file final_13.csv (CSV, C-alpha atoms)
chain,number,residue,atom,x,y,z
A,640,MET,CA,212.3,128.3,201.1
A,641,LYS,CA,209.8,130.9,202.1
A,642,GLU,CA,207.9,128.3,204.1
A,643,SER,CA,211.1,127.1,205.8
A,644,ILE,CA,212.0,130.5,207.0
A,645,THR,CA,208.5,131.2,208.3
A,646,ARG,CA,207.9,127.8,209.8
A,647,ARG,CA,211.1,128.0,211.9
A,648,ASP,CA,209.2,129.7,214.7
A,649,PHE,CA,206.3,127.2,214.8
A,650,MET,CA,207.8,123.7,214.4
A,651,LEU,CA,206.8,120.9,216.6
A,652,GLN,CA,204.6,117.8,217.6
A,653,SER,CA,203.1,114.4,217.6
A,654,GLY,CA,202.3,110.6,217.3
A,655,SER,CA,200.5,107.6,218.8
A,656,LEU,CA,199.7,103.9,218.6
A,657,LEU,CA,201.7,101.9,216.1
A,658,THR,CA,202.2,98.3,217.1
A,659,ALA,CA,205.7,96.9,217.6
A,660,ALA,CA,205.3,94.6,214.6
A,661,THR,CA,204.4,97.5,212.4
A,662,LEU,CA,207.4,99.5,213.5
A,663,ALA,CA,209.7,96.6,213.0
A,664,THR,CA,208.6,95.9,209.4
A,665,GLY,CA,208.5,99.6,208.6
A,666,PHE,CA,205.0,100.0,207.1
A,667,THR,CA,201.4,99.3,207.8
A,668,SER,CA,199.6,97.4,205.1
A,669,THR,CA,196.5,99.5,205.3
A,670,SER,CA,194.0,99.4,202.5
A,671,LYS,CA,194.1,102.5,200.2
A,672,SER,CA,190.4,102.9,200.9
A,673,ASN,CA,191.3,103.8,204.4
A,674,TYR,CA,193.2,106.9,203.5
A,675,LYS,CA,191.7,110.0,205.1
A,676,MET,CA,192.2,113.4,203.5
A,677,GLY,CA,194.6,115.2,205.7
A,678,LEU,CA,195.7,118.8,206.2
A,679,GLN,CA,199.0,120.2,207.6
A,680,LEU,CA,197.6,122.8,210.0
A,681,PHE,CA,200.5,125.1,209.4
A,682,THR,CA,198.6,126.1,206.3
A,683,ILE,CA,195.9,127.8,208.4
A,684,ARG,CA,198.1,129.1,211.2
A,685,GLU,CA,196.6,132.6,211.0
A,686,PRO,CA,192.9,131.4,211.3
A,687,LEU,CA,193.9,129.0,214.1
A,688,ALA,CA,195.6,131.8,216.0
A,689,LYS,CA,192.3,133.7,216.0
A,690,ASP,CA,189.7,131.0,216.5
A,691,VAL,CA,190.8,127.4,217.1
A,692,THR,CA,187.3,125.9,217.6
A,693,GLY,CA,185.6,127.7,214.7
A,694,THR,CA,188.5,127.0,212.3
A,695,ILE,CA,188.6,123.3,213.0
A,696,LYS,CA,184.9,123.1,212.5
A,697,LYS,CA,185.3,124.8,209.1
A,698,VAL,CA,188.2,122.5,208.1
A,699,ALA,CA,186.0,119.4,208.9
A,700,ALA,CA,183.2,120.8,206.8
A,701,LEU,CA,185.5,120.9,203.8
A,702,GLY,CA,186.0,117.1,204.1
A,703,TYR,CA,189.3,116.9,205.9
A,704,GLN,CA,189.3,114.0,208.3
A,705,ASP,CA,192.9,114.0,209.4
A,706,CYS,CA,195.5,116.6,210.2
A,707,GLU,CA,199.1,117.1,211.2
A,708,THR,CA,199.9,119.5,214.0
A,709,TYR,CA,202.7,122.0,214.7
A,710,GLY,CA,203.4,124.3,217.6
A,711,PHE,CA,203.4,121.9,220.6
A,712,ASN,CA,204.2,123.6,223.9
A,713,PRO,CA,206.2,121.0,225.9
A,714,GLU,CA,206.0,122.9,229.2
A,715,GLN,CA,202.2,123.2,229.2
A,716,GLY,CA,201.4,120.1,227.1
A,717,THR,CA,199.3,122.2,224.8
A,718,TYR,CA,198.4,122.5,221.1
A,719,TYR,CA,197.1,125.9,220.0
A,720,GLY,CA,196.5,126.9,223.6
A,721,LEU,CA,194.5,123.8,224.4
A,722,LYS,CA,195.6,120.8,226.5
A,723,ALA,CA,196.2,117.8,224.3
A,724,SER,CA,193.1,116.0,225.6
A,725,ALA,CA,191.0,119.1,224.8
A,726,PHE,CA,192.3,119.5,221.3
A,727,LYS,CA,191.8,115.7,220.7
A,728,GLN,CA,188.2,116.1,221.8
A,729,LEU,CA,187.7,119.1,219.6
A,730,LEU,CA,188.9,117.0,216.6
A,731,ALA,CA,186.7,114.1,217.6
A,732,ASP,CA,183.7,116.4,217.9
A,733,ASN,CA,184.3,117.2,214.3
A,734,LYS,CA,185.1,113.7,213.2
A,735,MET,CA,188.7,114.4,212.8
A,736,ILE,CA,192.0,112.9,214.0
A,737,ALA,CA,195.6,114.0,214.2
A,738,THR,CA,198.0,111.3,212.9
A,739,SER,CA,201.3,113.2,213.0
A,740,GLY,CA,202.9,116.4,214.3
A,741,HIS,CA,205.9,118.5,213.7
A,742,TYR,CA,208.1,119.0,216.8
A,743,ASP,CA,210.9,121.6,217.3
A,744,PHE,CA,213.9,119.3,217.4
A,745,THR,CA,216.2,121.7,215.7
A,746,LYS,CA,216.4,123.7,219.0
A,747,TYR,CA,218.1,120.7,220.6
A,748,PHE,CA,220.6,119.9,217.8
A,749,ASP,CA,223.6,121.2,219.6
A,750,VAL,CA,222.6,120.4,223.2
A,751,SER,CA,223.4,117.4,225.4
A,752,GLU,CA,221.8,114.1,224.6
A,753,ASP,CA,220.1,114.2,228.0
A,754,ALA,CA,218.4,117.5,227.2
A,755,LEU,CA,217.4,116.2,223.8
A,756,MET,CA,215.9,113.0,225.2
A,757,ARG,CA,214.0,115.0,227.9
A,758,TYR,CA,212.4,116.9,225.1
A,759,VAL,CA,211.7,113.7,223.2
A,760,ASP,CA,209.9,112.3,226.2
A,761,GLN,CA,207.8,115.5,226.4
A,762,CYS,CA,206.9,115.1,222.7
A,763,ILE,CA,206.0,111.4,223.3
A,764,GLU,CA,203.7,112.4,226.2
A,765,GLY,CA,202.0,115.0,224.1
A,766,ALA,CA,201.7,112.7,221.1
A,767,HIS,CA,200.1,109.9,223.2
A,768,ALA,CA,197.7,112.3,224.8
A,769,LEU,CA,196.6,113.6,221.3
A,770,GLY,CA,196.4,110.1,219.9
A,771,GLN,CA,198.9,110.7,217.1
A,772,ARG,CA,200.7,107.9,215.2
A,773,TYR,CA,203.9,109.7,214.3
A,774,ILE,CA,206.4,112.2,215.7
A,775,THR,CA,208.1,114.1,212.9
A,776,TRP,CA,211.4,116.1,212.8
A,777,PRO,CA,210.5,118.9,210.3
A,778,TRP,CA,213.3,121.4,210.0
A,779,LEU,CA,217.0,122.0,210.4
A,780,ASP,CA,218.2,125.5,211.3
A,781,PRO,CA,220.4,127.0,208.5
A,782,LYS,CA,223.4,127.3,210.9
A,783,PHE,CA,223.5,123.5,211.1
A,784,ARG,CA,223.3,122.8,207.4
A,785,THR,CA,226.7,121.4,206.6
A,786,LEU,CA,227.6,118.0,205.0
A,787,GLU,CA,229.2,116.9,208.3
A,788,ASN,CA,226.1,117.8,210.3
A,789,PHE,CA,223.9,115.6,208.1
A,790,HIS,CA,226.0,112.7,209.5
A,791,VAL,CA,225.4,114.1,213.0
A,792,LEU,CA,221.7,114.5,212.2
A,793,SER,CA,221.4,110.9,211.1
A,794,ALA,CA,222.9,109.7,214.4
A,795,LYS,CA,220.4,111.8,216.3
A,796,LEU,CA,217.5,110.6,214.2
A,797,ASN,CA,218.4,107.0,214.9
A,798,ALA,CA,218.6,107.7,218.7
A,799,ILE,CA,215.3,109.5,218.7
A,800,GLY,CA,213.7,106.9,216.5
A,801,GLU,CA,214.7,104.1,218.9
A,802,ARG,CA,213.2,106.0,221.9
A,803,VAL,CA,210.0,106.9,220.1
A,804,THR,CA,209.6,103.3,218.7
A,805,LYS,CA,209.9,101.9,222.3
A,806,ALA,CA,207.0,104.2,223.2
A,807,THR,CA,204.9,102.5,220.5
A,808,LEU,CA,205.0,105.5,218.2
A,809,GLY,CA,206.5,106.1,214.7
A,810,PHE,CA,209.2,108.6,214.0
A,811,ALA,CA,209.9,110.3,210.7
A,812,TYR,CA,212.0,113.0,209.0
A,813,HIS,CA,210.4,115.7,206.8
A,814,ASN,CA,212.4,117.3,204.0
A,815,HIS,CA,212.5,120.7,202.5
A,816,ASP,CA,214.9,121.9,199.7
A,817,PHE,CA,218.2,122.2,201.6
A,818,GLU,CA,218.6,118.5,201.9
A,819,PHE,CA,219.1,118.3,198.2
A,820,THR,CA,222.0,120.8,198.1
A,821,ASP,CA,224.8,119.1,196.2
A,822,TYR,CA,228.2,118.5,198.0
A,823,ASN,CA,230.4,117.1,195.3
A,824,GLY,CA,228.0,114.4,194.3
A,825,ASP,CA,226.4,113.8,197.7
A,826,ASN,CA,223.6,115.5,199.6
A,827,GLY,CA,221.9,115.6,203.0
A,828,TYR,CA,218.9,113.5,202.0
A,829,ALA,CA,221.0,110.7,200.5
A,830,ILE,CA,223.0,110.7,203.8
A,831,ILE,CA,219.8,110.4,205.9
A,832,MET,CA,218.6,107.6,203.6
A,833,ARG,CA,221.9,105.7,203.9
A,834,GLU,CA,222.7,106.3,207.6
A,835,THR,CA,219.4,106.1,209.4
A,836,ASP,CA,217.7,102.8,210.3
A,837,ALA,CA,214.6,102.3,208.2
A,838,ALA,CA,213.0,100.4,211.0
A,839,LEU,CA,213.4,103.4,213.3
A,840,VAL,CA,213.3,106.5,211.0
A,841,LYS,CA,210.6,106.8,208.4
A,842,LEU,CA,210.5,109.5,205.7
A,843,GLN,CA,207.8,112.1,205.4
A,844,ILE,CA,208.3,113.3,201.8
A,845,ASP,CA,207.4,116.8,200.9
A,846,LEU,CA,206.6,116.3,197.2
A,847,TYR,CA,206.7,120.0,196.4
A,848,TRP,CA,210.2,120.3,197.6
A,849,VAL,CA,211.3,117.1,195.8
A,850,MET,CA,209.9,118.4,192.5
A,851,HIS,CA,211.4,121.8,193.3
A,852,SER,CA,214.9,120.9,194.3
A,853,SER,CA,215.8,117.2,193.9
A,854,LYS,CA,217.6,115.7,190.9
A,855,LEU,CA,215.6,112.5,191.5
A,856,SER,CA,211.8,112.2,191.0
A,857,PRO,CA,209.6,110.9,193.8
A,858,ALA,CA,209.3,107.6,191.9
A,859,GLU,CA,213.1,107.3,191.8
A,860,LEU,CA,213.3,107.9,195.5
A,861,PHE,CA,210.5,105.4,196.3
A,862,LYS,CA,212.3,102.8,194.2
A,863,GLN,CA,215.5,103.2,196.3
A,864,GLN,CA,213.7,102.5,199.6
A,865,PRO,CA,210.2,101.1,199.0
A,866,GLY,CA,207.9,101.1,202.0
A,867,ARG,CA,209.8,103.8,203.8
A,868,PHE,CA,207.9,107.0,202.7
A,869,VAL,CA,205.0,106.6,205.0
A,870,MET,CA,203.7,110.2,204.9
A,871,TRP,CA,203.4,112.7,202.1
A,872,HIS,CA,203.0,116.4,201.9
A,873,ILE,CA,200.9,117.3,198.9
A,874,LYS,CA,201.0,120.8,197.5
A,875,ASP,CA,201.4,122.4,194.1
A,876,MET,CA,204.0,124.7,192.5
A,877,ASP,CA,203.3,127.9,190.6
A,878,LYS,CA,204.1,127.4,186.9
A,879,VAL,CA,206.0,130.8,186.7
A,880,THR,CA,207.3,131.7,190.1
A,881,ARG,CA,207.7,128.1,191.4
A,882,ASP,CA,206.2,129.3,194.7
A,883,TYR,CA,203.4,127.4,196.5
A,884,SER,CA,200.0,127.2,194.7
A,885,GLU,CA,196.6,125.8,195.3
A,886,LEU,CA,196.2,122.2,194.0
A,887,GLY,CA,195.3,122.3,190.3
A,888,ASN,CA,196.8,125.7,189.7
A,889,GLY,CA,200.4,124.6,189.4
A,890,SER,CA,202.9,122.4,187.5
A,891,ILE,CA,203.1,119.2,189.6
A,892,ASP,CA,201.4,116.2,187.9
A,893,TYR,CA,200.0,114.2,190.8
A,894,THR,CA,198.2,111.8,188.5
A,895,VAL,CA,201.7,110.3,188.0
A,896,ILE,CA,202.9,110.5,191.6
A,897,LEU,CA,199.8,109.2,193.5
A,898,PRO,CA,199.7,105.8,191.9
A,899,GLU,CA,203.1,105.2,193.5
A,900,ALA,CA,201.5,105.1,197.0
A,901,SER,CA,201.7,101.4,197.4
A,902,ARG,CA,205.4,101.1,196.5
A,903,ALA,CA,206.2,104.2,198.7
A,904,GLY,CA,204.5,102.7,201.7
A,905,LEU,CA,202.0,105.6,202.1
A,906,GLN,CA,200.0,105.6,205.3
A,907,TYR,CA,199.0,109.2,205.6
A,908,TYR,CA,199.0,112.3,203.4
A,909,TYR,CA,198.5,116.0,204.2
A,910,ILE,CA,197.5,118.7,201.8
A,911,GLU,CA,199.6,121.8,202.6
A,912,GLN,CA,200.3,125.3,201.3
A,913,GLY,CA,202.8,127.3,203.3
A,914,GLY,CA,201.9,130.6,201.8
A,915,ASN,CA,201.3,132.5,198.5
A,916,PHE,CA,197.6,132.1,198.9
A,917,ALA,CA,195.4,133.4,196.0
A,918,THR,CA,193.0,135.1,198.4
A,919,SER,CA,193.3,133.6,202.0
A,920,PRO,CA,194.4,130.4,203.7
A,921,MET,CA,190.8,129.1,204.2
A,922,GLN,CA,189.9,129.7,200.6
A,923,SER,CA,193.1,128.0,199.5
A,924,ILE,CA,192.3,124.8,201.6
A,925,THR,CA,188.8,125.0,200.2
A,926,ASP,CA,190.0,125.1,196.6
A,927,SER,CA,192.7,122.4,197.1
A,928,ALA,CA,190.2,120.1,198.9
A,929,SER,CA,187.7,120.5,196.1
A,930,TYR,CA,190.3,119.8,193.4
A,931,PHE,CA,191.8,116.9,195.2
A,932,LYS,CA,188.4,115.1,195.8
A,933,LYS,CA,187.3,115.7,192.2
A,934,ASN,CA,190.5,115.0,190.3
A,935,LEU,CA,193.1,113.2,192.4
A,936,GLU,CA,191.6,111.2,195.2
A,937,LYS,CA,190.7,108.4,192.8
A,938,TYR,CA,194.4,107.7,192.2
A,939,LEU,CA,194.6,106.5,195.9
A,940,ARG,CA,191.7,104.1,195.8
call {"tool": "encode", "arguments": {"input": "final_13.csv", "output": "structure tokens"}}
result
Amino acid sequence: MKESITRRDFMLQSGSLLTAATLATGFTSTSKSNYKMGLQLFTIREPLAKDVTGTIKKVAALGYQDCETYGFNPEQGTYYGLKASAFKQLLADNKMIATSGHYDFTKYFDVSEDALMRYVDQCIEGAHALGQRYITWPWLDPKFRTLENFHVLSAKLNAIGERVTKATLGFAYHNHDFEFTDYNGDNGYAIIMRETDAALVKLQIDLYWVMHSSKLSPAELFKQQPGRFVMWHIKDMDKVTRDYSELGNGSIDYTVILPEASRAGLQYYYIEQGGNFATSPMQSITDSASYFKKNLEKYLR
């Protein structure tokens, strides 16, 4: 929940070139050997704010090849103060790509459809310029979190997904904990899964929040809609406080979850830690990358 509150001011971004055939079937049959170790850049928001170029260089040196953005400025077409083309070049110079991004759709939840779609078009333009594959809805403001609004949200996700798909991009929804709040046997995530079109709206599953708040395990969710969970957020949970933790320091057994990649439909994954760093964000992504490569990456081969 701490990440959710903090992230509210940052959310936004992304996507780029999925074929129409891929979008229609719902999942790219890429070889597992093609997975690139990704990082959700929200993890290192403080270092990025101080030095974008130097920080990306350090991230690449740790072995990260992919990333997910946040913080797109739709009026200026910028990411982290750089034009999309310039940020794309910075990534390329460091042998990195950005396959997804989080965009601030929650600001447009209660506005006209025309205003929402104008924003969607700006996101599409930015995503294409950056070369992303997916545009992701990452957050719902607390004031909108009612059972009825999850039905409203589902309709909006379908409409956005249709527009994004026509632009040859993929569209996905990212969960936190609040989607699993029980409403007399129902919850927001179940509504989204039931009421959105799987060909238009993919699911970016945050495995930490599922393990933290869902009554169903990741495997049980994957079994319900195999092939739909195209992106994963991977982070660990402190054994005592249940807050975020560096990979390997927490309670989540990824040796059980990662082998489910094929059934889930995994295309891209991003290591993330929203806060509660042992020493610093950069040290945390260093430790998590080292642990992942040594102990977990083999389960995705």
call {"tool": "closest_atom_pairs", "arguments": {"input": "final_13.csv", "of": "region 715-793 of chain A", "to": "region 856-872 of chain A", "cutoff": "12 Å", "atoms": "all atoms listed in the file", "output": "CSV"}}
result
residue,atom,partner,partner_atom,distance
A:Thr738,CA,A:Met870,CA,9.9
A:Ser739,CA,A:Met870,CA,9.0
A:Gly740,CA,A:Met870,CA,11.3
A:Arg772,CA,A:Met870,CA,11.0
A:Tyr773,CA,A:Met870,CA,9.4
A:Ile774,CA,A:Met870,CA,11.3
A:Thr775,CA,A:Met870,CA,9.9
A:Pro777,CA,A:His872,CA,11.5
call {"tool": "residues_around", "arguments": {"input": "final_13.csv", "residues": "region 879-885 of chain A", "least_positions_apart": "2", "cutoff": "6 Å", "atoms": "only C-alpha atoms", "output": "JSON, numbers by chain"}}
result
{"A": [875, 876, 877, 888, 889, 915, 923, 927]}
call {"tool": "closest_residue", "arguments": {"input": "final_13.csv", "among": "A:Lys734, A:Ala838, A:Leu721, A:Leu786", "to": "Lys697 (chain A)", "atoms": "all atoms listed in the file"}}
result
A:Lys734
call {"tool": "closest_residue", "arguments": {"input": "final_13.csv", "among": "A:Ser853, A:Ile873, A:Val895, A:Lys795", "to": "Val750 (chain A)", "atoms": "only C-alpha atoms"}}
result
A:Lys795
call {"tool": "residues_around", "arguments": {"input": "final_13.csv", "residues": "Phe817 (chain A)", "least_positions_apart": "6", "cutoff": "9 Å", "atoms": "all atoms listed in the file", "output": "ChimeraX atom specification"}}
result
/A:640,779,781,784,826-828,852
call {"tool": "atom_distance", "arguments": {"input": "final_13.csv", "atom1": "CA of Ala794 (chain A)", "atom2": "CA of Asp816 (chain A)"}}
result
20.7 Å
call {"tool": "atom_distance", "arguments": {"input": "final_13.csv", "atom1": "CA of Asp705 (chain A)", "atom2": "CA of Tyr909 (chain A)"}}
result
7.9 Å
call {"tool": "axis_aligned_box", "arguments": {"input": "final_13.csv", "around": "region 680-687 of chain A", "padding_each_side": "4 Å", "output": "AutoDock Vina command-line options"}}
result
--center_x 196.7 --center_y 127.7 --center_z 210.2 --size_x 15.6 --size_y 17.8 --size_z 15.8
call {"tool": "atom_distance", "arguments": {"input": "final_13.csv", "atom1": "CA of Tyr938 (chain A)", "atom2": "CA of Gly809 (chain A)"}}
result
25.6 Å
